[in-house]
Amino acid sequence: MKVFFAADHGGFSLKEELKSFVESLGYEVVDVGAHAFDPADNYPPFVMEAARRVSENPEEHRGVIIGGSGQGEAFAANRIKGVRAVVYYGEPKNKQTDADGQELDLIESTRNHNDSNILSIGGRFVELDDAQRAVERWLKTPFSNAERHIRRHRMIDQSI
């Protein structure tokens, strides 16, 4: 699997550290920018390039995008058809359960239920060790292929 990385100045240092970690897990890493720290850069060109690449082969490609908050980055990525970007700020304080009464893991449910293919990290909110744990779990978690989730994806895709 290829994992495309993108970040602006707000996520540049975390991106650089996560790339080698993801490579150590056995994934192919492709960095689409920024390639140098520039406090005046803008996230849309980098993030949207990563999103385009993921959308070309969503079964085999994933993306990790990082900005200050991760919000604008996810917003931009989700403009690309076929992309399902989710934002990660860290683990929730309260336990949650799904419709079947199963306890939810925030990161794993973004893959199990939503088949997310881009993880947007708020670089100013998440420490390296938390980001590493989240990215590893996210990359290893498969989509459930449950009919109710597939049906919802179709509904969204048909509205675009």
# chains A, B, ... in the order shown; residues from 1 in each chain; ligands from 1
$ select_by_dssp --residues "stretch 79-138 of chain A" --states "strand (DSSP E or B)" --output "number ranges by chain"
A: 85-88, 96-97, 103-104, 118-122
$ residues_around --residues "A:Val83" --least-positions-apart "3" --cutoff "7 Å" --atoms "only C-alpha atoms" --output "list in words"
Ala51, Ser55, Ala77, Asn78, Ile80 and Asn117 of chain A
$ write_last_selection --atoms "N, CA and C atoms" --output "short mmCIF file (atom, residue, chain, number, x, y, z; two decimals), in the first residue's frame"
data_model
loop_
_atom_site.label_atom_id
_atom_site.label_comp_id
_atom_site.auth_asym_id
_atom_site.auth_seq_id
_atom_site.Cartn_x
_atom_site.Cartn_y
_atom_site.Cartn_z
N ALA A 51 -4.80 14.07 -2.05
CA ALA A 51 -6.16 13.57 -2.23
C ALA A 51 -6.38 13.04 -3.65
N SER A 55 -7.38 9.22 -4.60
CA SER A 55 -8.60 8.95 -5.36
C SER A 55 -8.33 8.13 -6.62
N ALA A 77 -9.34 18.22 1.14
CA ALA A 77 -9.22 16.86 0.62
C ALA A 77 -10.58 16.30 0.23
N ASN A 78 -11.59 16.59 1.03
CA ASN A 78 -12.92 16.06 0.75
C ASN A 78 -13.59 16.68 -0.47
N ILE A 80 -12.25 16.39 -3.32
CA ILE A 80 -11.87 15.48 -4.39
C ILE A 80 -12.79 14.26 -4.34
N ASN A 117 -10.12 7.17 3.78
CA ASN A 117 -8.88 6.89 3.06
C ASN A 117 -7.84 8.00 3.24
#
$ residues_around --residues "A:Gly26" --least-positions-apart "2" --cutoff "12 Å" --atoms "only C-alpha atoms" --output "list in words"
Met1, Lys2, Val3, Lys19, Ser20, Phe21, Val22, Glu23, Ser24, Glu28, Val29, Glu136, Leu139 and Lys140 of chain A
$ residues_around --residues "A:Gly68" --least-positions-apart "4" --cutoff "8 Å" --atoms "only C-alpha atoms" --output "MDAnalysis selection string"
chainID A and resid 9:11 122:125
$ write_last_selection --atoms "N, CA, C and O atoms" --output "short mmCIF file (atom, residue, chain, number, x, y, z; two decimals), in the first residue's frame"
data_model
loop_
_atom_site.label_atom_id
_atom_site.label_comp_id
_atom_site.auth_asym_id
_atom_site.auth_seq_id
_atom_site.Cartn_x
_atom_site.Cartn_y
_atom_site.Cartn_z
N HIS A 9 3.15 24.30 6.74
CA HIS A 9 4.05 24.66 7.84
C HIS A 9 3.55 24.21 9.20
O HIS A 9 4.33 23.86 10.07
N GLY A 10 2.21 24.16 9.38
CA GLY A 10 1.64 23.76 10.66
C GLY A 10 1.81 22.29 10.99
O GLY A 10 1.70 21.89 12.14
N GLY A 11 2.09 21.49 9.99
CA GLY A 11 2.25 20.06 10.21
C GLY A 11 3.55 19.49 9.68
O GLY A 11 3.77 18.28 9.71
N GLY A 122 -4.43 17.13 13.29
CA GLY A 122 -4.19 18.48 13.82
C GLY A 122 -2.83 18.51 14.48
O GLY A 122 -2.69 18.12 15.64
N GLY A 123 -1.83 18.93 13.74
CA GLY A 123 -0.45 18.89 14.20
C GLY A 123 -0.17 19.70 15.45
O GLY A 123 0.77 19.41 16.18
N ARG A 124 -0.96 20.72 15.70
CA ARG A 124 -0.76 21.54 16.90
C ARG A 124 -1.46 20.95 18.12
O ARG A 124 -1.34 21.46 19.22
N PHE A 125 -2.20 19.86 17.91
CA PHE A 125 -2.99 19.26 18.99
C PHE A 125 -2.56 17.86 19.37
O PHE A 125 -2.97 17.35 20.40
#
$ residues_around --residues "stretch 146-150 of chain A" --least-positions-apart "2" --cutoff "9 Å" --atoms "only C-alpha atoms" --output "list in words"
Asn112, His113, Asn114, Asp115, Phe143, Ser144, Arg152, His153, Arg154 and Met155 of chain A
$ decode --residues "stretch 37-74 of chain A" --atoms "N, CA and C atoms" --output "tab-separated table (two decimals), in the first residue's frame"
chain	number	residue	atom	x	y	z
A	37	PHE	N	10.31	23.57	5.18
A	37	PHE	CA	9.49	24.40	6.07
A	37	PHE	C	9.42	25.81	5.52
A	38	ASP	N	8.20	26.29	5.31
A	38	ASP	CA	7.98	27.66	4.84
A	38	ASP	C	6.77	28.21	5.60
A	39	PRO	N	7.01	29.13	6.55
A	39	PRO	CA	5.90	29.62	7.36
A	39	PRO	C	4.82	30.35	6.58
A	40	ALA	N	5.06	30.66	5.31
A	40	ALA	CA	4.07	31.37	4.50
A	40	ALA	C	3.37	30.47	3.48
A	41	ASP	N	3.62	29.15	3.53
A	41	ASP	CA	3.00	28.28	2.53
A	41	ASP	C	1.51	28.09	2.83
A	42	ASN	N	0.83	27.47	1.90
A	42	ASN	CA	-0.61	27.22	1.99
A	42	ASN	C	-0.87	25.74	1.78
A	43	TYR	N	-1.78	25.18	2.57
A	43	TYR	CA	-2.03	23.74	2.52
A	43	TYR	C	-2.77	23.24	1.28
A	44	PRO	N	-3.67	24.00	0.65
A	44	PRO	CA	-4.47	23.38	-0.42
A	44	PRO	C	-3.68	22.69	-1.53
A	45	PRO	N	-2.63	23.26	-2.08
A	45	PRO	CA	-1.95	22.54	-3.17
A	45	PRO	C	-1.37	21.19	-2.73
A	46	PHE	N	-0.81	21.12	-1.55
A	46	PHE	CA	-0.20	19.88	-1.07
A	46	PHE	C	-1.28	18.84	-0.76
A	47	VAL	N	-2.26	19.27	0.00
A	47	VAL	CA	-3.32	18.37	0.44
A	47	VAL	C	-4.14	17.85	-0.74
A	48	MET	N	-4.46	18.74	-1.66
A	48	MET	CA	-5.29	18.31	-2.79
A	48	MET	C	-4.52	17.39	-3.73
A	49	GLU	N	-3.21	17.55	-3.81
A	49	GLU	CA	-2.40	16.60	-4.59
A	49	GLU	C	-2.44	15.22	-3.93
A	50	ALA	N	-2.29	15.16	-2.63
A	50	ALA	CA	-2.38	13.88	-1.92
A	50	ALA	C	-3.76	13.26	-2.14
A	51	ALA	N	-4.80	14.07	-2.05
A	51	ALA	CA	-6.16	13.57	-2.23
A	51	ALA	C	-6.38	13.04	-3.65
A	52	ARG	N	-5.86	13.75	-4.65
A	52	ARG	CA	-5.98	13.27	-6.03
A	52	ARG	C	-5.31	11.91	-6.19
A	53	ARG	N	-4.13	11.77	-5.61
A	53	ARG	CA	-3.40	10.51	-5.72
A	53	ARG	C	-4.16	9.37	-5.03
A	54	VAL	N	-4.72	9.64	-3.87
A	54	VAL	CA	-5.50	8.61	-3.17
A	54	VAL	C	-6.72	8.24	-4.01
A	55	SER	N	-7.38	9.22	-4.60
A	55	SER	CA	-8.60	8.95	-5.36
A	55	SER	C	-8.33	8.13	-6.62
A	56	GLU	N	-7.11	8.13	-7.12
A	56	GLU	CA	-6.77	7.35	-8.31
A	56	GLU	C	-6.85	5.85	-8.05
A	57	ASN	N	-6.60	5.44	-6.82
A	57	ASN	CA	-6.63	4.01	-6.49
A	57	ASN	C	-6.96	3.86	-5.00
A	58	PRO	N	-8.23	4.15	-4.62
A	58	PRO	CA	-8.57	4.16	-3.19
A	58	PRO	C	-8.46	2.81	-2.49
A	59	GLU	N	-8.39	1.73	-3.24
A	59	GLU	CA	-8.21	0.42	-2.63
A	59	GLU	C	-6.78	0.19	-2.16
A	60	GLU	N	-5.84	0.82	-2.84
A	60	GLU	CA	-4.41	0.59	-2.57
A	60	GLU	C	-3.68	1.82	-2.05
A	61	HIS	N	-4.34	2.97	-2.04
A	61	HIS	CA	-3.69	4.21	-1.61
A	61	HIS	C	-4.41	4.79	-0.41
A	62	ARG	N	-3.63	5.35	0.50
A	62	ARG	CA	-4.18	6.12	1.62
A	62	ARG	C	-3.37	7.39	1.74
A	63	GLY	N	-3.89	8.33	2.50
A	63	GLY	CA	-3.19	9.59	2.70
A	63	GLY	C	-3.18	10.00	4.16
A	64	VAL	N	-2.10	10.64	4.55
A	64	VAL	CA	-1.99	11.27	5.86
A	64	VAL	C	-1.64	12.72	5.58
A	65	ILE	N	-2.53	13.61	5.99
A	65	ILE	CA	-2.33	15.04	5.77
A	65	ILE	C	-2.29	15.72	7.13
A	66	ILE	N	-1.43	16.72	7.25
A	66	ILE	CA	-1.22	17.32	8.56
A	66	ILE	C	-1.15	18.83	8.41
A	67	GLY	N	-1.90	19.52	9.24
A	67	GLY	CA	-1.86	20.97	9.30
A	67	GLY	C	-1.96	21.39	10.75
A	68	GLY	N	-2.09	22.67	10.97
A	68	GLY	CA	-2.21	23.14	12.34
A	68	GLY	C	-3.40	22.52	13.05
A	69	SER	N	-4.57	22.61	12.43
A	69	SER	CA	-5.78	22.04	13.03
A	69	SER	C	-6.23	20.75	12.36
A	70	GLY	N	-5.89	20.55	11.11
A	70	GLY	CA	-6.37	19.41	10.35
A	70	GLY	C	-7.74	19.64	9.74
A	71	GLN	N	-8.45	20.65	10.19
A	71	GLN	CA	-9.81	20.92	9.72
A	71	GLN	C	-9.82	21.40	8.27
A	72	GLY	N	-9.09	22.47	7.98
A	72	GLY	CA	-9.05	22.99	6.62
A	72	GLY	C	-8.49	21.97	5.65
A	73	GLU	N	-7.53	21.20	6.12
A	73	GLU	CA	-6.91	20.18	5.29
A	73	GLU	C	-7.94	19.12	4.90
A	74	ALA	N	-8.74	18.67	5.87
A	74	ALA	CA	-9.78	17.68	5.57
A	74	ALA	C	-10.84	18.28	4.64
